[in-house]
$ cat target_33.pdb   # PDB, C-alpha atoms
ATOM      1  CA  MET A   5      85.252-279.262-116.606
ATOM      2  CA  ALA A   6      85.778-276.597-119.254
ATOM      3  CA  VAL A   7      82.023-276.442-119.848
ATOM      4  CA  GLN A   8      81.374-275.898-116.130
ATOM      5  CA  ASP A   9      84.030-273.165-116.004
ATOM      6  CA  SER A  10      82.541-271.419-119.015
ATOM      7  CA  LEU A  11      79.046-271.656-117.501
ATOM      8  CA  ALA A  12      80.300-270.106-114.249
ATOM      9  CA  VAL A  13      82.020-267.266-116.110
ATOM     10  CA  CYS A  14      78.902-266.606-118.210
ATOM     11  CA  GLN A  15      76.701-266.481-115.111
ATOM     12  CA  GLU A  16      79.159-264.132-113.406
ATOM     13  CA  LEU A  17      79.155-261.771-116.392
ATOM     14  CA  GLY A  18      75.407-262.013-116.903
ATOM     15  CA  ILE A  19      75.531-263.363-120.450
ATOM     16  CA  GLU A  20      74.008-266.452-122.029
ATOM     17  CA  ALA A  21      75.785-269.784-121.706
ATOM     18  CA  PRO A  22      77.778-271.146-124.644
ATOM     19  CA  ILE A  23      75.809-273.065-127.260
ATOM     20  CA  PRO A  24      76.694-276.767-127.439
ATOM     21  CA  VAL A  25      77.164-277.657-131.109
ATOM     22  CA  SER A  26      77.934-281.030-132.665
ATOM     23  CA  VAL A  27      78.028-281.050-136.448
ATOM     24  CA  ILE A  28      78.805-284.763-136.482
ATOM     25  CA  LEU A  29      75.596-285.579-134.605
ATOM     26  CA  GLY A  30      73.660-282.920-136.511
ATOM     27  CA  GLU A  31      72.923-280.885-133.379
ATOM     28  CA  THR A  32      73.358-277.284-134.424
ATOM     29  CA  ASN A  33      70.844-276.030-131.800
ATOM     30  CA  ASN A  34      69.811-273.117-133.997
ATOM     31  CA  VAL A  35      73.314-271.681-133.762
ATOM     32  CA  PHE A  36      72.782-269.485-136.818
ATOM     33  CA  CYS A  37      69.567-268.022-135.396
ATOM     34  CA  ARG A  38      71.407-267.254-132.146
ATOM     35  CA  ILE A  39      74.265-265.592-134.057
ATOM     36  CA  LEU A  40      71.767-263.498-136.031
ATOM     37  CA  SER A  41      69.942-262.551-132.842
ATOM     38  CA  ALA A  42      73.230-261.452-131.248
ATOM     39  CA  ALA A  43      74.072-259.412-134.349
ATOM     40  CA  GLU A  44      70.663-257.697-134.326
ATOM     41  CA  ARG A  45      70.928-256.715-130.646
ATOM     42  CA  PRO A  46      74.623-256.384-129.798
ATOM     43  CA  HIS A  47      73.934-254.229-126.727
ATOM     44  CA  LEU A  48      72.304-257.239-125.047
ATOM     45  CA  ASN A  49      75.347-259.429-125.620
ATOM     46  CA  ILE A  50      78.016-257.236-124.073
ATOM     47  CA  PRO A  51      79.010-258.527-120.649
ATOM     48  CA  GLU A  52      78.322-256.208-117.742
ATOM     49  CA  THR A  53      81.253-255.790-115.380
ATOM     50  CA  GLU A  54      81.236-254.453-111.833
ATOM     51  CA  ALA A  55      82.746-251.156-113.024
ATOM     52  CA  GLY A  56      80.047-250.914-115.707
ATOM     53  CA  ARG A  57      77.314-251.512-113.130
ATOM     54  CA  LYS A  58      78.736-248.814-110.875
ATOM     55  CA  ARG A  59      78.986-246.374-113.785
ATOM     56  CA  LYS A  60      75.399-247.141-114.810
ATOM     57  CA  TYR A  61      74.178-246.641-111.227
ATOM     58  CA  PHE A  62      76.055-243.325-110.970
ATOM     59  CA  ARG A  63      74.575-242.087-114.266
ATOM     60  CA  GLN A  64      71.072-243.031-113.127
ATOM     61  CA  LEU A  65      71.653-241.293-109.789
ATOM     62  CA  VAL A  66      72.826-238.102-111.518
ATOM     63  CA  SER A  67      69.949-238.259-113.999
ATOM     64  CA  HIS A  68      67.337-238.691-111.274
ATOM     65  CA  SER A  69      68.924-235.953-109.172
ATOM     66  CA  LEU A  70      68.849-233.511-112.094
ATOM     67  CA  LEU A  71      65.231-234.415-112.797
ATOM     68  CA  PHE A  72      64.314-233.825-109.147
ATOM     69  CA  LEU A  73      66.154-230.485-109.116
ATOM     70  CA  SER A  74      64.485-229.409-112.370
ATOM     71  CA  VAL A  75      61.019-230.187-111.047
ATOM     72  CA  GLY A  76      61.833-228.375-107.796
ATOM     73  CA  ALA A  77      63.108-225.330-109.696
ATOM     74  CA  ALA A  78      59.989-225.301-111.894
ATOM     75  CA  PHE A  79      57.715-225.368-108.827
ATOM     76  CA  THR A  80      59.773-222.587-107.237
ATOM     77  CA  VAL A  81      59.498-220.373-110.325
ATOM     78  CA  VAL A  82      55.749-220.986-110.589
ATOM     79  CA  GLY A  83      55.345-220.328-106.861
ATOM     80  CA  VAL A  84      57.280-217.051-106.989
ATOM     81  CA  ALA A  85      55.334-215.914-110.056
ATOM     82  CA  ALA A  86      52.013-216.752-108.367
ATOM     83  CA  PHE A  87      53.082-214.939-105.206
ATOM     84  CA  ARG A  88      54.082-211.836-107.179
ATOM     85  CA  ALA A  89      50.789-211.879-109.100
ATOM     86  CA  TYR A  90      48.870-212.245-105.819
ATOM     87  CA  ASN A  91      50.809-209.358-104.238
ATOM     88  CA  ALA A  92      50.310-207.159-107.312
ATOM     89  CA  ARG A  93      46.564-207.838-107.327
ATOM     90  CA  LYS A  94      46.360-207.299-103.560
ATOM     91  CA  ASN A  95      48.224-203.963-103.766
ATOM     92  CA  SER A  96      46.162-202.700-106.700
ATOM     93  CA  SER A  97      42.822-203.472-105.005
ATOM     94  CA  THR A  98      43.629-201.639-101.750
TER      95      THR A  98
END
$ encode --input "target_33.pdb" --output "structure tokens"
Amino acid sequence: MAVQDSLAVCQELGIEAPIPVSVILGETNNVFCRILSAAERPHLNIPETEAGRKRKYFRQLVSHSLLFLSVGAAFTVVGVAAFRAYNARKNSST
């Protein structure tokens, strides 16, 4: 029952299930390799909560919005500069 509860909690948090280990039977299931892997990439082993997901979504939304605004501003500046150059050339030729 405890194993099922821990599996449910792990699935809910989006992390890997616990490693079954039996030293008596000699089943270590590469536990040391898994520990080393978790130590090499700790950011992949931190559970993601609902608040963390919302914060991540908000940051992505702000980042994409700023990117969109920056591209729009760049096009506006280039457009205004091109319009001024066109008007200056048009006025000088007449």
$ axis_aligned_box --input "target_33.pdb" --around "region 43-53 of chain A" --padding-each-side "8 Å" --output "AutoDock Vina command-line options"
--center_x 76.0 --center_y -256.8 --center_z -124.9 --size_x 26.6 --size_y 21.2 --size_z 35.0
$ resolve_selection --input "target_33.pdb" --expression "the PyMOL selection byres ((chain A and resi 21-35) around 12)" --output "list in words"
Ala6, Val7, Gln8, Asp9, Ser10, Leu11, Ala12, Val13, Cys14, Gln15, Glu16, Leu17, Gly18, Ile19, Glu20, Phe36, Cys37, Arg38, Ile39, Leu40, Ser41, Ala42, Asn49 and Pro51 of chain A
$ atom_distance --input "target_33.pdb" --atom1 "CA of Gln64 (chain A)" --atom2 "CA of Arg45 (chain A)"
22.2 Å
$ atom_distance --input "target_33.pdb" --atom1 "CA of Ser69 (chain A)" --atom2 "CA of Ala86 (chain A)"
25.6 Å
$ atom_distance --input "target_33.pdb" --atom1 "CA of Asn95 (chain A)" --atom2 "CA of Ala78 (chain A)"
25.7 Å
$ decode --input "target_33.pdb" --residues "region 47-78 of chain A" --atoms "N, CA, C and O atoms" --output "PDB file, in the first residue's frame"
ATOM      1  N   HIS A  47      18.207  19.805 -11.595  1.00  0.00           N
ATOM      2  CA  HIS A  47      17.030  20.549 -12.037  1.00  0.00           C
ATOM      3  C   HIS A  47      15.950  19.629 -12.595  1.00  0.00           C
ATOM      4  O   HIS A  47      14.779  19.988 -12.621  1.00  0.00           O
ATOM      5  N   LEU A  48      16.311  18.430 -13.022  1.00  0.00           N
ATOM      6  CA  LEU A  48      15.324  17.487 -13.539  1.00  0.00           C
ATOM      7  C   LEU A  48      14.673  16.666 -12.435  1.00  0.00           C
ATOM      8  O   LEU A  48      13.712  15.953 -12.692  1.00  0.00           O
ATOM      9  N   ASN A  49      15.181  16.772 -11.224  1.00  0.00           N
ATOM     10  CA  ASN A  49      14.682  15.955 -10.129  1.00  0.00           C
ATOM     11  C   ASN A  49      13.960  16.764  -9.070  1.00  0.00           C
ATOM     12  O   ASN A  49      13.674  16.264  -7.997  1.00  0.00           O
ATOM     13  N   ILE A  50      13.680  18.019  -9.372  1.00  0.00           N
ATOM     14  CA  ILE A  50      12.910  18.847  -8.450  1.00  0.00           C
ATOM     15  C   ILE A  50      11.445  18.750  -8.851  1.00  0.00           C
ATOM     16  O   ILE A  50      11.101  18.994 -10.004  1.00  0.00           O
ATOM     17  N   PRO A  51      10.581  18.374  -7.926  1.00  0.00           N
ATOM     18  CA  PRO A  51       9.171  18.233  -8.290  1.00  0.00           C
ATOM     19  C   PRO A  51       8.563  19.566  -8.718  1.00  0.00           C
ATOM     20  O   PRO A  51       8.901  20.619  -8.190  1.00  0.00           O
ATOM     21  N   GLU A  52       7.665  19.485  -9.683  1.00  0.00           N
ATOM     22  CA  GLU A  52       7.007  20.686 -10.187  1.00  0.00           C
ATOM     23  C   GLU A  52       5.617  20.775  -9.570  1.00  0.00           C
ATOM     24  O   GLU A  52       4.784  19.891  -9.764  1.00  0.00           O
ATOM     25  N   THR A  53       5.373  21.827  -8.834  1.00  0.00           N
ATOM     26  CA  THR A  53       4.076  22.016  -8.191  1.00  0.00           C
ATOM     27  C   THR A  53       3.166  22.846  -9.079  1.00  0.00           C
ATOM     28  O   THR A  53       3.586  23.402 -10.092  1.00  0.00           O
ATOM     29  N   GLU A  54       1.914  22.947  -8.700  1.00  0.00           N
ATOM     30  CA  GLU A  54       0.955  23.743  -9.473  1.00  0.00           C
ATOM     31  C   GLU A  54       1.368  25.213  -9.484  1.00  0.00           C
ATOM     32  O   GLU A  54       1.288  25.885 -10.517  1.00  0.00           O
ATOM     33  N   ALA A  55       1.823  25.724  -8.346  1.00  0.00           N
ATOM     34  CA  ALA A  55       2.280  27.117  -8.278  1.00  0.00           C
ATOM     35  C   ALA A  55       3.501  27.322  -9.175  1.00  0.00           C
ATOM     36  O   ALA A  55       3.620  28.344  -9.849  1.00  0.00           O
ATOM     37  N   GLY A  56       4.397  26.351  -9.214  1.00  0.00           N
ATOM     38  CA  GLY A  56       5.572  26.437 -10.076  1.00  0.00           C
ATOM     39  C   GLY A  56       5.194  26.431 -11.542  1.00  0.00           C
ATOM     40  O   GLY A  56       5.770  27.159 -12.347  1.00  0.00           O
ATOM     41  N   ARG A  57       4.201  25.611 -11.901  1.00  0.00           N
ATOM     42  CA  ARG A  57       3.735  25.583 -13.295  1.00  0.00           C
ATOM     43  C   ARG A  57       3.121  26.911 -13.689  1.00  0.00           C
ATOM     44  O   ARG A  57       3.354  27.412 -14.786  1.00  0.00           O
ATOM     45  N   LYS A  58       2.328  27.487 -12.789  1.00  0.00           N
ATOM     46  CA  LYS A  58       1.706  28.781 -13.083  1.00  0.00           C
ATOM     47  C   LYS A  58       2.757  29.868 -13.231  1.00  0.00           C
ATOM     48  O   LYS A  58       2.673  30.715 -14.121  1.00  0.00           O
ATOM     49  N   ARG A  59       3.759  29.858 -12.360  1.00  0.00           N
ATOM     50  CA  ARG A  59       4.838  30.840 -12.422  1.00  0.00           C
ATOM     51  C   ARG A  59       5.624  30.696 -13.732  1.00  0.00           C
ATOM     52  O   ARG A  59       5.948  31.684 -14.381  1.00  0.00           O
ATOM     53  N   LYS A  60       5.890  29.457 -14.117  1.00  0.00           N
ATOM     54  CA  LYS A  60       6.610  29.194 -15.364  1.00  0.00           C
ATOM     55  C   LYS A  60       5.787  29.674 -16.563  1.00  0.00           C
ATOM     56  O   LYS A  60       6.326  30.295 -17.483  1.00  0.00           O
ATOM     57  N   TYR A  61       4.490  29.411 -16.557  1.00  0.00           N
ATOM     58  CA  TYR A  61       3.620  29.854 -17.644  1.00  0.00           C
ATOM     59  C   TYR A  61       3.590  31.376 -17.723  1.00  0.00           C
ATOM     60  O   TYR A  61       3.671  31.952 -18.806  1.00  0.00           O
ATOM     61  N   PHE A  62       3.505  32.037 -16.558  1.00  0.00           N
ATOM     62  CA  PHE A  62       3.478  33.504 -16.529  1.00  0.00           C
ATOM     63  C   PHE A  62       4.777  34.085 -17.070  1.00  0.00           C
ATOM     64  O   PHE A  62       4.772  35.031 -17.846  1.00  0.00           O
ATOM     65  N   ARG A  63       5.915  33.502 -16.676  1.00  0.00           N
ATOM     66  CA  ARG A  63       7.212  33.977 -17.175  1.00  0.00           C
ATOM     67  C   ARG A  63       7.326  33.806 -18.685  1.00  0.00           C
ATOM     68  O   ARG A  63       7.835  34.684 -19.387  1.00  0.00           O
ATOM     69  N   GLN A  64       6.848  32.655 -19.189  1.00  0.00           N
ATOM     70  CA  GLN A  64       6.878  32.444 -20.638  1.00  0.00           C
ATOM     71  C   GLN A  64       5.972  33.436 -21.347  1.00  0.00           C
ATOM     72  O   GLN A  64       6.314  33.949 -22.415  1.00  0.00           O
ATOM     73  N   LEU A  65       4.806  33.710 -20.768  1.00  0.00           N
ATOM     74  CA  LEU A  65       3.870  34.664 -21.367  1.00  0.00           C
ATOM     75  C   LEU A  65       4.488  36.055 -21.427  1.00  0.00           C
ATOM     76  O   LEU A  65       4.437  36.725 -22.459  1.00  0.00           O
ATOM     77  N   VAL A  66       5.117  36.485 -20.341  1.00  0.00           N
ATOM     78  CA  VAL A  66       5.774  37.795 -20.312  1.00  0.00           C
ATOM     79  C   VAL A  66       6.934  37.832 -21.307  1.00  0.00           C
ATOM     80  O   VAL A  66       7.087  38.803 -22.048  1.00  0.00           O
ATOM     81  N   SER A  67       7.710  36.770 -21.349  1.00  0.00           N
ATOM     82  CA  SER A  67       8.851  36.715 -22.268  1.00  0.00           C
ATOM     83  C   SER A  67       8.385  36.795 -23.720  1.00  0.00           C
ATOM     84  O   SER A  67       8.942  37.559 -24.517  1.00  0.00           O
ATOM     85  N   HIS A  68       7.373  36.038 -24.072  1.00  0.00           N
ATOM     86  CA  HIS A  68       6.870  36.066 -25.445  1.00  0.00           C
ATOM     87  C   HIS A  68       6.242  37.412 -25.774  1.00  0.00           C
ATOM     88  O   HIS A  68       6.385  37.912 -26.901  1.00  0.00           O
ATOM     89  N   SER A  69       5.558  38.005 -24.811  1.00  0.00           N
ATOM     90  CA  SER A  69       4.952  39.319 -25.040  1.00  0.00           C
ATOM     91  C   SER A  69       6.032  40.373 -25.290  1.00  0.00           C
ATOM     92  O   SER A  69       5.892  41.208 -26.192  1.00  0.00           O
ATOM     93  N   LEU A  70       7.089  40.352 -24.491  1.00  0.00           N
ATOM     94  CA  LEU A  70       8.180  41.309 -24.682  1.00  0.00           C
ATOM     95  C   LEU A  70       8.875  41.096 -26.024  1.00  0.00           C
ATOM     96  O   LEU A  70       9.228  42.068 -26.695  1.00  0.00           O
ATOM     97  N   LEU A  71       9.029  39.849 -26.423  1.00  0.00           N
ATOM     98  CA  LEU A  71       9.630  39.564 -27.724  1.00  0.00           C
ATOM     99  C   LEU A  71       8.748  40.112 -28.843  1.00  0.00           C
ATOM    100  O   LEU A  71       9.238  40.766 -29.765  1.00  0.00           O
ATOM    101  N   PHE A  72       7.451  39.887 -28.754  1.00  0.00           N
ATOM    102  CA  PHE A  72       6.512  40.384 -29.753  1.00  0.00           C
ATOM    103  C   PHE A  72       6.539  41.908 -29.813  1.00  0.00           C
ATOM    104  O   PHE A  72       6.578  42.496 -30.898  1.00  0.00           O
ATOM    105  N   LEU A  73       6.546  42.558 -28.650  1.00  0.00           N
ATOM    106  CA  LEU A  73       6.599  44.021 -28.611  1.00  0.00           C
ATOM    107  C   LEU A  73       7.911  44.547 -29.184  1.00  0.00           C
ATOM    108  O   LEU A  73       7.926  45.561 -29.889  1.00  0.00           O
ATOM    109  N   SER A  74       9.006  43.874 -28.892  1.00  0.00           N
ATOM    110  CA  SER A  74      10.314  44.302 -29.418  1.00  0.00           C
ATOM    111  C   SER A  74      10.360  44.207 -30.936  1.00  0.00           C
ATOM    112  O   SER A  74      10.852  45.122 -31.605  1.00  0.00           O
ATOM    113  N   VAL A  75       9.846  43.118 -31.477  1.00  0.00           N
ATOM    114  CA  VAL A  75       9.825  42.960 -32.929  1.00  0.00           C
ATOM    115  C   VAL A  75       8.916  44.018 -33.546  1.00  0.00           C
ATOM    116  O   VAL A  75       9.258  44.638 -34.564  1.00  0.00           O
ATOM    117  N   GLY A  76       7.758  44.258 -32.928  1.00  0.00           N
ATOM    118  CA  GLY A  76       6.852  45.292 -33.426  1.00  0.00           C
ATOM    119  C   GLY A  76       7.488  46.670 -33.395  1.00  0.00           C
ATOM    120  O   GLY A  76       7.354  47.449 -34.343  1.00  0.00           O
ATOM    121  N   ALA A  77       8.194  46.984 -32.310  1.00  0.00           N
ATOM    122  CA  ALA A  77       8.866  48.283 -32.201  1.00  0.00           C
ATOM    123  C   ALA A  77       9.967  48.416 -33.252  1.00  0.00           C
ATOM    124  O   ALA A  77      10.139  49.481 -33.852  1.00  0.00           O
ATOM    125  N   ALA A  78      10.712  47.336 -33.490  1.00  0.00           N
ATOM    126  CA  ALA A  78      11.770  47.366 -34.499  1.00  0.00           C
ATOM    127  C   ALA A  78      11.181  47.623 -35.885  1.00  0.00           C
ATOM    128  O   ALA A  78      11.709  48.453 -36.646  1.00  0.00           O
TER     129      ALA A  78
END
